[in-house]
file final29.cif (mmCIF, C-alpha atoms)
data_run
#
loop_
_atom_site.label_atom_id
_atom_site.label_comp_id
_atom_site.auth_asym_id
_atom_site.auth_seq_id
_atom_site.Cartn_x
_atom_site.Cartn_y
_atom_site.Cartn_z
CA MET A 19 22.87 -21.24 -2.44
CA CYS A 20 26.52 -20.90 -2.78
CA ALA A 21 27.65 -17.86 -4.77
CA ALA A 22 29.96 -20.03 -6.91
CA ALA A 23 31.65 -23.39 -6.70
CA ALA A 24 34.93 -23.27 -4.83
CA VAL A 25 37.96 -23.35 -7.15
CA LEU A 26 40.67 -25.78 -6.10
CA SER A 27 44.20 -25.05 -7.31
CA LEU A 28 46.26 -28.16 -8.07
CA LEU A 29 49.81 -27.37 -6.94
CA PRO A 30 52.91 -29.57 -6.89
CA ALA A 31 53.37 -31.33 -3.57
CA PRO A 32 56.24 -30.02 -1.41
CA ALA A 33 59.31 -32.21 -1.01
CA VAL A 34 58.50 -32.62 2.67
CA ALA A 35 54.87 -32.84 3.68
CA VAL A 36 54.18 -30.25 6.37
CA PRO A 37 50.81 -30.47 8.14
CA ARG A 38 48.83 -27.25 7.75
CA PRO A 39 45.98 -26.16 9.96
CA VAL A 40 42.62 -26.11 8.20
CA PRO A 41 41.26 -22.56 8.41
CA ALA A 42 37.92 -22.29 10.14
CA ALA A 43 34.99 -21.08 8.06
CA THR A 44 34.51 -17.35 8.38
CA ALA A 45 31.64 -16.75 10.77
CA MET A 46 28.84 -14.56 9.53
CA PRO A 47 28.52 -11.32 11.53
CA GLN A 48 25.82 -11.20 14.15
CA PRO A 49 22.65 -9.51 12.86
CA ASP A 50 22.08 -5.93 13.97
CA LEU A 51 18.49 -5.99 15.23
CA THR A 52 18.60 -2.34 16.25
CA ALA A 53 19.56 -1.38 12.71
CA LEU A 54 16.87 -3.69 11.33
CA ARG A 55 14.19 -1.97 13.38
CA SER A 56 15.57 1.41 12.33
CA VAL A 57 15.30 0.46 8.65
CA LEU A 58 11.67 -0.57 9.11
CA ARG A 59 10.90 2.68 10.89
CA THR A 60 12.54 4.57 8.04
CA ALA A 61 10.25 2.82 5.55
CA VAL A 62 7.23 3.84 7.62
CA GLY A 63 8.54 7.39 7.86
CA GLN A 64 8.78 7.45 4.07
CA GLY A 65 5.13 6.54 3.59
CA ALA A 66 4.58 2.82 4.19
CA PRO A 67 1.76 2.23 6.70
CA GLY A 68 3.77 -0.65 8.17
CA ALA A 69 6.94 -2.70 7.76
CA MET A 70 8.12 -5.97 9.27
CA ALA A 71 10.85 -8.58 9.18
CA ARG A 72 11.40 -12.11 10.41
CA LEU A 73 14.96 -13.38 10.75
CA ASP A 74 15.63 -17.07 11.31
CA ASP A 75 19.27 -17.39 12.34
CA HIS A 76 20.36 -21.02 12.82
CA GLY A 77 17.02 -21.72 14.52
CA THR A 78 16.88 -18.55 16.60
CA VAL A 79 14.00 -16.39 15.43
CA HIS A 80 13.88 -12.60 15.63
CA GLN A 81 10.69 -10.75 14.69
CA VAL A 82 10.23 -7.01 14.28
CA ALA A 83 7.12 -5.13 13.14
CA VAL A 84 6.30 -1.42 13.12
CA GLY A 85 3.28 0.53 11.93
CA VAL A 86 -0.16 -0.71 10.99
CA ALA A 87 -1.67 -3.49 8.90
CA ASP A 88 -4.93 -1.60 8.36
CA ARG A 89 -5.06 2.19 8.13
CA ARG A 90 -8.81 2.26 8.78
CA THR A 91 -8.84 0.23 12.00
CA GLY A 92 -5.31 1.01 13.15
CA ARG A 93 -4.54 -2.68 13.76
CA ALA A 94 -0.83 -3.15 14.33
CA LEU A 95 1.17 -5.03 11.72
CA SER A 96 2.31 -8.49 12.82
CA THR A 97 4.80 -10.98 11.38
CA ALA A 98 1.91 -13.47 11.56
CA ASP A 99 0.11 -11.53 8.80
CA ARG A 100 -0.09 -12.94 5.29
CA PHE A 101 0.62 -10.80 2.23
CA ARG A 102 1.13 -10.87 -1.52
CA ILE A 103 4.74 -11.76 -2.33
CA GLY A 104 4.93 -10.59 -5.95
CA SER A 105 7.91 -11.92 -7.84
CA VAL A 106 9.14 -14.16 -5.05
CA THR A 107 6.58 -16.36 -6.83
CA LYS A 108 9.14 -16.73 -9.64
CA THR A 109 11.41 -18.77 -7.39
CA PHE A 110 8.53 -21.17 -6.64
CA SER A 111 7.84 -21.52 -10.38
CA ALA A 112 11.51 -22.18 -11.11
CA VAL A 113 11.65 -24.84 -8.38
CA VAL A 114 8.75 -26.73 -9.94
CA LEU A 115 10.39 -26.68 -13.36
CA LEU A 116 13.74 -27.83 -11.98
CA GLN A 117 11.98 -30.69 -10.24
CA LEU A 118 10.61 -31.64 -13.67
CA VAL A 119 14.19 -31.53 -14.98
CA ASP A 120 15.13 -33.99 -12.23
CA GLU A 121 12.25 -36.21 -13.33
CA GLY A 122 13.48 -36.24 -16.92
CA ARG A 123 10.39 -34.45 -18.19
CA LEU A 124 12.09 -31.18 -19.14
CA ALA A 125 15.46 -30.17 -20.59
CA LEU A 126 16.78 -26.72 -19.73
CA ASP A 127 18.48 -26.21 -23.08
CA ALA A 128 15.54 -27.42 -25.17
CA PRO A 129 13.42 -24.88 -27.07
CA VAL A 130 10.26 -23.80 -25.30
CA ASN A 131 8.43 -24.62 -28.53
CA ARG A 132 9.33 -28.30 -28.10
CA TYR A 133 6.88 -28.42 -25.20
CA LEU A 134 4.51 -25.66 -26.32
CA PRO A 135 4.51 -25.86 -30.13
CA GLY A 136 4.09 -22.53 -31.86
CA LEU A 137 3.90 -20.50 -28.66
CA LEU A 138 6.95 -18.34 -29.38
CA PRO A 139 8.12 -16.87 -32.70
CA ASP A 140 11.70 -18.10 -32.28
CA ASP A 141 12.72 -21.73 -31.80
CA ARG A 142 16.05 -20.57 -30.37
CA ILE A 143 14.39 -19.46 -27.09
CA THR A 144 15.12 -22.19 -24.57
CA VAL A 145 13.72 -23.01 -21.15
CA ARG A 146 17.00 -21.77 -19.63
CA HIS A 147 16.66 -18.44 -21.44
CA VAL A 148 13.18 -17.99 -20.02
CA LEU A 149 14.16 -18.82 -16.42
CA SER A 150 17.22 -16.52 -16.53
CA HIS A 151 15.47 -13.56 -18.23
CA ARG A 152 17.57 -13.92 -21.38
CA SER A 153 14.79 -14.73 -23.84
CA GLY A 154 14.39 -11.17 -25.12
CA LEU A 155 10.61 -11.35 -24.62
CA TYR A 156 9.20 -7.88 -23.96
CA ASP A 157 7.69 -7.30 -20.52
CA TYR A 158 3.99 -6.71 -21.19
CA SER A 159 3.57 -5.16 -17.72
CA ASP A 160 5.55 -2.11 -18.84
CA ASP A 161 2.52 -1.21 -20.96
CA LEU A 162 -0.08 -2.15 -18.36
CA PHE A 163 1.45 0.01 -15.64
CA ALA A 164 2.86 3.01 -17.46
CA ARG A 165 0.63 4.81 -14.95
CA SER A 166 0.59 2.83 -11.73
CA VAL A 167 -2.80 3.70 -10.23
CA SER A 168 -4.92 3.94 -13.37
CA GLY A 169 -3.17 0.89 -14.79
CA PHE A 170 -3.89 -1.07 -11.63
CA GLU A 171 -7.55 -0.05 -11.49
CA ALA A 172 -7.94 -1.17 -15.10
CA VAL A 173 -6.81 -4.73 -14.27
CA ARG A 174 -7.70 -5.07 -10.57
CA THR A 175 -10.59 -7.48 -11.27
CA LYS A 176 -9.65 -8.72 -14.74
CA VAL A 177 -8.85 -12.35 -15.46
CA PHE A 178 -6.27 -13.01 -18.18
CA THR A 179 -5.19 -16.24 -19.81
CA TYR A 180 -1.47 -16.95 -20.04
CA ARG A 181 -1.63 -16.78 -23.81
CA ARG A 182 -3.33 -13.40 -23.78
CA LEU A 183 -0.49 -12.01 -21.67
CA ILE A 184 2.09 -13.54 -23.99
CA ASP A 185 0.26 -12.08 -26.99
CA ARG A 186 0.60 -8.63 -25.41
CA SER A 187 4.34 -9.18 -25.19
CA LEU A 188 4.65 -10.39 -28.78
CA ARG A 189 3.16 -7.16 -30.12
CA HIS A 190 6.54 -5.61 -29.33
CA ALA A 191 10.00 -6.22 -30.73
CA ARG A 192 12.20 -8.42 -28.61
CA THR A 193 14.67 -6.69 -26.31
CA THR A 194 17.63 -9.01 -26.97
CA ALA A 195 18.49 -12.02 -29.08
CA PRO A 196 17.83 -15.38 -27.35
CA GLY A 197 20.65 -16.01 -24.89
CA GLY A 198 21.61 -12.33 -24.82
CA PRO A 199 22.09 -10.16 -21.72
CA TYR A 200 19.75 -10.33 -18.74
CA SER A 201 16.59 -8.30 -19.34
CA TYR A 202 13.90 -8.72 -16.69
CA SER A 203 10.46 -9.60 -18.06
CA ASN A 204 7.37 -11.02 -16.40
CA THR A 205 6.55 -12.63 -19.74
CA ASN A 206 9.26 -15.21 -19.07
CA PHE A 207 7.51 -16.55 -16.00
CA VAL A 208 4.12 -16.54 -17.66
CA VAL A 209 5.76 -18.92 -20.14
CA ALA A 210 7.04 -20.85 -17.10
CA GLY A 211 3.46 -21.20 -15.84
CA LEU A 212 2.34 -22.61 -19.17
CA LEU A 213 5.21 -25.09 -19.09
CA ILE A 214 4.26 -26.23 -15.59
CA GLU A 215 0.64 -26.78 -16.56
CA LYS A 216 1.51 -28.57 -19.82
CA LEU A 217 4.09 -30.92 -18.29
CA THR A 218 2.24 -31.73 -15.04
CA GLY A 219 -1.29 -31.69 -16.44
CA GLN A 220 -2.21 -29.64 -13.36
CA PRO A 221 -2.97 -25.99 -12.62
CA VAL A 222 0.04 -24.18 -11.17
CA ALA A 223 -1.86 -23.94 -7.86
CA THR A 224 -1.83 -27.74 -7.62
CA ALA A 225 1.81 -28.02 -8.63
CA TYR A 226 2.87 -25.45 -6.00
CA ARG A 227 0.80 -27.19 -3.34
CA ARG A 228 1.88 -30.78 -4.00
CA ARG A 229 5.53 -30.10 -4.75
CA ILE A 230 6.43 -27.29 -2.32
CA ILE A 231 3.68 -26.11 0.03
CA GLU A 232 2.62 -29.48 1.47
CA PRO A 233 6.10 -31.09 1.69
CA LEU A 234 7.45 -28.04 3.56
CA ARG A 235 4.24 -27.55 5.59
CA LEU A 236 3.87 -23.95 4.51
CA THR A 237 0.64 -23.08 6.29
CA ASP A 238 0.51 -19.43 5.17
CA THR A 239 1.18 -19.95 1.45
CA PHE A 240 -1.64 -19.93 -1.10
CA TYR A 241 -2.26 -19.49 -4.81
CA VAL A 242 -5.88 -18.30 -5.02
CA HIS A 243 -5.98 -16.80 -8.53
CA PRO A 244 -8.44 -15.59 -9.77
CA ASP A 245 -10.01 -15.03 -6.34
CA THR A 246 -9.32 -11.56 -4.94
CA ALA A 247 -9.25 -12.23 -1.18
CA ILE A 248 -6.28 -13.17 1.01
CA PRO A 249 -7.27 -16.08 3.32
CA GLY A 250 -7.07 -15.73 7.09
CA ARG A 251 -5.14 -13.00 8.86
CA TYR A 252 -3.41 -10.59 6.48
CA THR A 253 -2.06 -7.10 6.12
CA ARG A 254 -3.73 -4.74 3.73
CA GLY A 255 -1.57 -3.37 0.91
CA TYR A 256 -1.42 0.28 -0.16
CA LEU A 257 -0.47 1.67 -3.55
CA THR A 258 1.26 5.05 -3.52
CA PRO A 259 -0.39 7.45 -6.01
CA ASP A 260 1.46 8.68 -9.06
CA THR A 261 0.86 12.29 -8.02
CA PRO A 262 2.77 13.40 -4.90
CA GLY A 263 0.46 14.19 -2.00
CA GLY A 264 -2.40 12.03 -3.22
CA ALA A 265 -4.20 9.50 -1.05
CA LEU A 266 -2.91 5.94 -0.75
CA VAL A 267 -4.97 3.38 -2.69
CA ASP A 268 -6.02 0.21 -0.86
CA ALA A 269 -4.88 -2.44 -3.36
CA THR A 270 -5.52 -5.49 -1.17
CA ARG A 271 -8.35 -7.04 -3.18
CA GLN A 272 -7.17 -7.93 -6.69
CA THR A 273 -6.93 -10.95 -8.95
CA VAL A 274 -3.22 -10.43 -9.68
CA SER A 275 -4.19 -12.10 -12.94
CA TRP A 276 -1.76 -9.87 -14.80
CA ALA A 277 1.07 -11.78 -13.04
CA GLN A 278 -0.12 -15.31 -12.14
CA SER A 279 2.93 -17.65 -12.13
CA ALA A 280 5.14 -14.56 -12.29
CA GLY A 281 3.81 -12.98 -9.10
CA ALA A 282 0.44 -14.04 -7.64
CA LEU A 283 1.38 -16.15 -4.59
CA ILE A 284 0.37 -15.20 -1.05
CA SER A 285 2.62 -16.14 1.86
CA GLY A 286 4.04 -15.04 5.21
CA THR A 287 7.44 -14.30 6.69
CA LYS A 288 7.81 -17.69 8.41
CA ASP A 289 6.95 -19.63 5.26
CA LEU A 290 9.34 -17.60 3.11
CA ASP A 291 12.19 -18.23 5.54
CA THR A 292 11.35 -21.94 5.55
CA PHE A 293 11.13 -22.12 1.76
CA LEU A 294 14.43 -20.40 1.04
CA SER A 295 16.28 -22.31 3.74
CA ALA A 296 14.99 -25.60 2.35
CA LEU A 297 15.94 -24.57 -1.19
CA LEU A 298 19.53 -23.66 -0.34
CA ARG A 299 19.97 -26.74 1.83
CA GLY A 300 19.04 -29.00 -1.07
CA ARG A 301 15.66 -30.23 0.13
CA LEU A 302 13.67 -29.29 -2.99
CA MET A 303 15.75 -30.63 -5.88
CA SER A 304 18.88 -32.57 -6.70
CA ALA A 305 22.34 -31.10 -6.19
CA GLY A 306 22.74 -30.97 -9.97
CA ALA A 307 19.51 -29.02 -10.46
CA LEU A 308 20.44 -26.62 -7.67
CA LYS A 309 23.80 -26.06 -9.36
CA GLU A 310 21.97 -25.14 -12.57
CA MET A 311 19.76 -22.75 -10.62
CA ARG A 312 22.92 -21.03 -9.39
CA ARG A 313 24.58 -20.49 -12.76
CA TRP A 314 24.75 -16.71 -12.57
CA VAL A 315 24.56 -14.00 -15.21
CA PRO A 316 25.18 -10.30 -14.47
CA ALA A 317 21.98 -8.48 -13.55
CA GLY A 318 23.17 -4.94 -12.85
CA GLY A 319 24.99 -3.37 -9.92
CA THR A 320 25.86 -5.93 -7.25
CA GLN A 321 23.32 -8.46 -8.48
CA SER A 322 23.39 -11.64 -10.53
CA TYR A 323 20.53 -13.84 -11.66
CA GLY A 324 20.34 -17.60 -11.94
CA LEU A 325 17.17 -19.54 -12.77
CA GLY A 326 14.40 -17.73 -10.92
CA LEU A 327 16.86 -16.76 -8.22
CA ARG A 328 18.81 -13.61 -7.36
CA ARG A 329 22.25 -13.28 -5.83
CA ARG A 330 23.00 -9.97 -4.08
CA ARG A 331 26.45 -8.98 -2.87
CA LEU A 332 26.09 -6.83 0.23
CA SER A 333 28.19 -3.96 1.52
CA CYS A 334 30.30 -6.29 3.72
CA GLY A 335 31.10 -8.64 0.84
CA ILE A 336 28.63 -11.37 1.85
CA SER A 337 26.31 -12.72 -0.85
CA VAL A 338 22.69 -13.64 -0.17
CA TYR A 339 20.22 -15.53 -2.31
CA GLY A 340 16.50 -15.18 -2.90
CA HIS A 341 14.16 -12.79 -4.68
CA THR A 342 12.40 -9.48 -4.36
CA GLY A 343 8.70 -8.95 -4.93
CA ALA A 344 6.76 -5.86 -5.95
CA VAL A 345 3.03 -6.16 -6.47
CA GLN A 346 0.47 -3.42 -5.92
CA GLY A 347 0.44 -2.64 -2.21
CA TYR A 348 3.39 -4.78 -1.16
CA TYR A 349 7.21 -4.83 -1.28
CA THR A 350 8.89 -8.08 -0.27
CA TYR A 351 12.54 -8.96 0.31
CA ALA A 352 13.20 -12.68 0.89
CA PHE A 353 16.83 -13.85 1.05
CA THR A 354 18.98 -16.46 2.73
CA SER A 355 22.65 -17.14 3.32
CA GLY A 356 24.69 -19.49 1.16
CA ASP A 357 24.16 -22.39 3.57
CA GLY A 358 20.46 -21.60 4.07
CA ARG A 359 20.90 -21.22 7.81
CA ARG A 360 20.14 -17.51 8.12
CA SER A 361 17.03 -16.33 6.29
CA LEU A 362 15.26 -12.98 6.19
CA ALA A 363 11.77 -12.17 4.99
CA ALA A 364 10.84 -8.48 5.10
CA LEU A 365 7.75 -6.61 3.95
CA ALA A 366 6.48 -3.06 3.59
CA ASN A 367 2.74 -2.84 2.93
CA ALA A 368 3.22 -0.12 0.33
CA SER A 369 4.41 0.06 -3.27
CA ASN A 370 5.12 2.52 -6.09
CA SER A 371 7.57 4.37 -3.86
CA SER A 372 11.24 4.22 -4.75
CA THR A 373 12.20 5.63 -1.34
CA VAL A 374 10.37 2.86 0.53
CA HIS A 375 11.79 0.25 -1.84
CA THR A 376 15.36 1.45 -1.34
CA ALA A 377 14.90 1.64 2.42
CA MET A 378 13.73 -1.98 2.53
CA LEU A 379 16.82 -3.05 0.59
CA ARG A 380 18.87 -2.08 3.66
CA THR A 381 17.19 -4.77 5.74
CA LEU A 382 19.68 -7.16 4.10
CA ASP A 383 22.74 -5.36 5.43
CA ALA A 384 21.26 -5.23 8.93
CA ALA A 385 20.37 -8.93 8.87
CA PHE A 386 23.46 -10.41 7.19
CA CYS A 387 26.28 -7.87 7.67
CA GLY A 388 25.23 -6.68 11.12
CA ARG A 389 27.32 -3.92 12.65
CA THR A 390 30.10 -4.53 10.15
CA ALA A 391 27.89 -2.74 7.61
CA THR A 392 28.64 0.55 9.32
CA ARG A 393 32.29 0.12 8.39
CA HIS A 394 31.46 -0.28 4.72
CA ARG A 395 29.77 1.91 2.17
CA THR A 396 26.01 1.37 2.20
CA THR A 397 24.67 -0.69 -0.69
CA ALA A 398 24.28 1.71 -3.59
CA PRO A 399 20.70 2.89 -4.09
CA GLN A 400 21.10 2.37 -7.83
CA ASP A 401 20.83 -1.39 -7.20
CA ALA A 402 17.14 -1.01 -6.40
CA PRO A 403 15.65 0.43 -9.61
CA GLU A 404 16.21 -2.72 -11.64
CA ASP A 405 13.67 -4.33 -9.35
CA THR A 406 11.10 -1.83 -10.57
CA SER A 407 9.45 -0.70 -13.75
CA GLY A 408 6.13 0.35 -15.20
CA GLY A 409 5.18 3.46 -13.27
CA GLY A 410 7.87 2.86 -10.70
CA THR A 411 7.27 -0.48 -9.07
CA GLU A 412 4.32 -2.49 -10.19
CA SER A 413 5.75 -5.03 -12.60
CA GLY A 414 6.09 -7.78 -10.04
CA HIS A 415 9.85 -7.77 -9.63
#
call {"tool": "encode", "arguments": {"input": "final29.cif", "output": "structure tokens"}}
result
Amino acid sequence: MCAAAAVLSLLPAPAVAVPRPVPAATAMPQPDLTALRSVLRTAVGQGAPGAMARLDDHGTVHQVAVGVADRRTGRALSTADRFRIGSVTKTFSAVVLLQLVDEGRLALDAPVNRYLPGLLPDDRITVRHVLSHRSGLYDYSDDLFARSVSGFEAVRTKVFTYRRLIDRSLRHARTTAPGGPYSYSNTNFVVAGLLIEKLTGQPVATAYRRRIIEPLRLTDTFYVHPDTAIPGRYTRGYLTPDTPGGALVDATRQTVSWAQSAGALISGTKDLDTFLSALLRGRLMSAGALKEMRRWVPAGGTQSYGLGLRRRRLSCGISVYGHTGAVQGYYTYAFTSGDGRRSLAALANASNSSTVHTAMLRTLDAAFCGRTATRHRTTAPQDAPEDTSGGGTESGH
């Protein structure tokens, strides 16, 4: 996904036409695999049982994994392991809705209430507002996870309906007027799930499978809600306790019903690289829909947000595109270059730890800036907190 459309200046032609060499495209720096491994080791040193990354660079694949997938058995973490991807799910949901735009079944600037009458208390809230986190709908997960561990245990096996989650949000005042500044809220992508199911007549699991998973042959990607198990080979996920020094909580088995279309997908590093590369290379929607997805609004620090998609500007000036995911037990970073030809999927099997989260952010500099990152100031740690909330990290960002 290109950071912005190139601007062409229309200048008067010179009196005599002089041929000018066409400048070659600036080559992306080579990835720094030593630095990437060092970042993953740092995350483990800060409390994650394991950390891993898969980098697909123009067809050349690099895989790095450190630490363990299971603290009880000591099994080593592998990039073949599946895991919960948290809010990377939001990009999948946005893709489905933009495909429906292409099919003429949805208009981005139409009120949500046109498709779901009476759902929201304000007819000014549009589909675009929801997908860009500018609806002003309060994030219900802030209440659920004011205390991360006790909040998680209270919902670990619960099954919510979309409307029940939205009702929890509507108990609170809205955070902005419709179309106001970016304000991250899982409620927006619960609304997105309802839209998908209403317009397709299918559960979101079916829409994901038929529209994305099967066409891209994503063999490690599943939506199993409300089942609690991860199919096949997977890494266990560990929730850091709220009290320093406490024991890690194995959070692997959960419904993730509090998130659903905002954060309940399971996937793997290979599938995430494939998905983001396909998205940026225009394989999942029309060029016009992809352009809408990349209409950016400021999202704090060096970030912008489109429609279910993040843009991050790295320390070397390169921008990358994708999403982060935080769900109990797992931190995911999944990003790709503007042309979709270099993609990184990275995971730490821990959550509720700002130090681990910030460490994993640095995988992007290692993968996309390479050794040039050492000549620039490291990405500011203050960019990471807006990917967290509700007891630190468990709101599915």
call {"tool": "residues_near_point", "arguments": {"input": "final29.cif", "point": "(9.8, -26.0, -20.6)", "cutoff": "7 Å", "atoms": "all atoms listed in the file", "output": "list in words"}}
result
Leu124, Val130, Tyr133, Val145, Ala210 and Leu213 of chain A
call {"tool": "atom_distance", "arguments": {"input": "final29.cif", "atom1": "CA of Thr78 in chain A", "atom2": "CA of Val57 in chain A"}}
result
20.7 Å
call {"tool": "residues_around", "arguments": {"input": "final29.cif", "residues": "Thr292 in chain A", "least_positions_apart": "2", "cutoff": "10 Å", "atoms": "all atoms listed in the file", "output": "list in words"}}
result
Asp74, Leu234, Arg235, Leu236, Thr287, Lys288, Asp289, Leu290, Leu294, Ser295, Ala296, Leu297, Thr354, Gly358, Arg359, Ser361, Leu362 and Ala363 of chain A
call {"tool": "resolve_selection", "arguments": {"input": "final29.cif", "expression": "the PyMOL selection byres ((chain A and resi 102) around 9)", "output": "PyMOL selection string"}}
result
chain A and resi 100-101+103-104+248+255+270+281-286+343-350
call {"tool": "closest_residue", "arguments": {"input": "final29.cif", "among": "A:Pro249, A:Gly169, A:Gly211, A:Gly198", "to": "Leu183 in chain A", "atoms": "all atoms listed in the file"}}
result
A:Gly211
call {"tool": "resolve_selection", "arguments": {"input": "final29.cif", "expression": "the PyMOL selection byres ((chain A and resi 176) around 10)", "output": "MDAnalysis selection string"}}
result
chainID A and resid 171:175 177:178 244 272:276
call {"tool": "closest_residue", "arguments": {"input": "final29.cif", "among": "A:Asn367, A:Thr342, A:Pro259, A:Ile230", "to": "Ala83 in chain A", "atoms": "all atoms listed in the file"}}
result
A:Asn367
call {"tool": "residues_around", "arguments": {"input": "final29.cif", "residues": "Arg331 in chain A", "least_positions_apart": "5", "cutoff": "10 Å", "atoms": "only C-alpha atoms", "output": "number ranges by chain"}}
result
A: 21, 319-322, 336-339, 382-383, 397
call {"tool": "resolve_selection", "arguments": {"input": "final29.cif", "expression": "the PyMOL selection byres ((chain A and resi 142) around 7)", "output": "ChimeraX atom specification"}}
result
/A:129,140-141,143-144,196
call {"tool": "closest_atom_pairs", "arguments": {"input": "final29.cif", "of": "range 103-141 of chain A", "to": "range 146-161 of chain A", "cutoff": "7 Å", "atoms": "all atoms listed in the file", "output": "JSON lines"}}
result
{"residue": "A:Ala112", "atom": "CA", "partner": "A:Leu149", "partner_atom": "CA", "distance": 6.8}
{"residue": "A:Leu126", "atom": "CA", "partner": "A:Arg146", "partner_atom": "CA", "distance": 5.0}
{"residue": "A:Asp127", "atom": "CA", "partner": "A:Arg146", "partner_atom": "CA", "distance": 5.8}
call {"tool": "write_last_selection", "arguments": {"input": "final29.cif", "atoms": "C-alpha atoms", "output": "compact mmCIF listing (two decimals), in the coordinates of the input"}}
result
# COMPACT_ATOMS: atom_id res chain seq x y z
CA ALA A 112 11.51 -22.18 -11.11
CA LEU A 126 16.78 -26.72 -19.73
CA ASP A 127 18.48 -26.21 -23.08
call {"tool": "closest_residue", "arguments": {"input": "final29.cif", "among": "A:Asp245, A:Asp357, A:Asp50, A:Asp260", "to": "His76 in chain A", "atoms": "only C-alpha atoms"}}
result
A:Asp357
call {"tool": "atom_distance", "arguments": {"input": "final29.cif", "atom1": "CA of Val82 in chain A", "atom2": "CA of Ala366 in chain A"}}
result
12.0 Å
call {"tool": "atom_distance", "arguments": {"input": "final29.cif", "atom1": "CA of Ser355 in chain A", "atom2": "CA of Asp238 in chain A"}}
result
22.3 Å
call {"tool": "residues_around", "arguments": {"input": "final29.cif", "residues": "range 304-314 of chain A", "least_positions_apart": "4", "cutoff": "6 Å", "atoms": "only C-alpha atoms", "output": "short mmCIF file (atom, residue, chain, number, x, y, z; two decimals) with C-alpha atoms, in the frame of the given file"}}
result
data_model
loop_
_atom_site.label_atom_id
_atom_site.label_comp_id
_atom_site.auth_asym_id
_atom_site.auth_seq_id
_atom_site.Cartn_x
_atom_site.Cartn_y
_atom_site.Cartn_z
CA SER A 322 23.39 -11.64 -10.53
CA TYR A 323 20.53 -13.84 -11.66
CA GLY A 324 20.34 -17.60 -11.94
CA LEU A 325 17.17 -19.54 -12.77
#
call {"tool": "residues_near_point", "arguments": {"input": "final29.cif", "point": "(10.6, 7.2, 7.6)", "cutoff": "12 Å", "atoms": "all atoms listed in the file", "output": "ChimeraX atom specification"}}
result
/A:55-69,84-85,366,373-378
call {"tool": "residues_around", "arguments": {"input": "final29.cif", "residues": "Ala317 in chain A", "least_positions_apart": "5", "cutoff": "9 Å", "atoms": "only C-alpha atoms", "output": "ChimeraX atom specification"}}
result
/A:199-202,322-323,328,404
call {"tool": "closest_residue", "arguments": {"input": "final29.cif", "among": "A:Gly340, A:Gly250, A:Gly197, A:Gly318", "to": "Ala98 in chain A", "atoms": "only C-alpha atoms"}}
result
A:Gly250
call {"tool": "axis_aligned_box", "arguments": {"input": "final29.cif", "around": "range 286-299 of chain A", "padding_each_side": "8 Å", "output": "lines of an AutoDock Vina configuration file"}}
result
center_x = 12.0
center_y = -20.5
center_z = 3.6
size_x = 31.9
size_y = 28.4
size_z = 25.6
call {"tool": "closest_residue", "arguments": {"input": "final29.cif", "among": "A:Val209, A:Val114, A:Ala191, A:Val106", "to": "Ala223 in chain A", "atoms": "only C-alpha atoms"}}
result
A:Val114
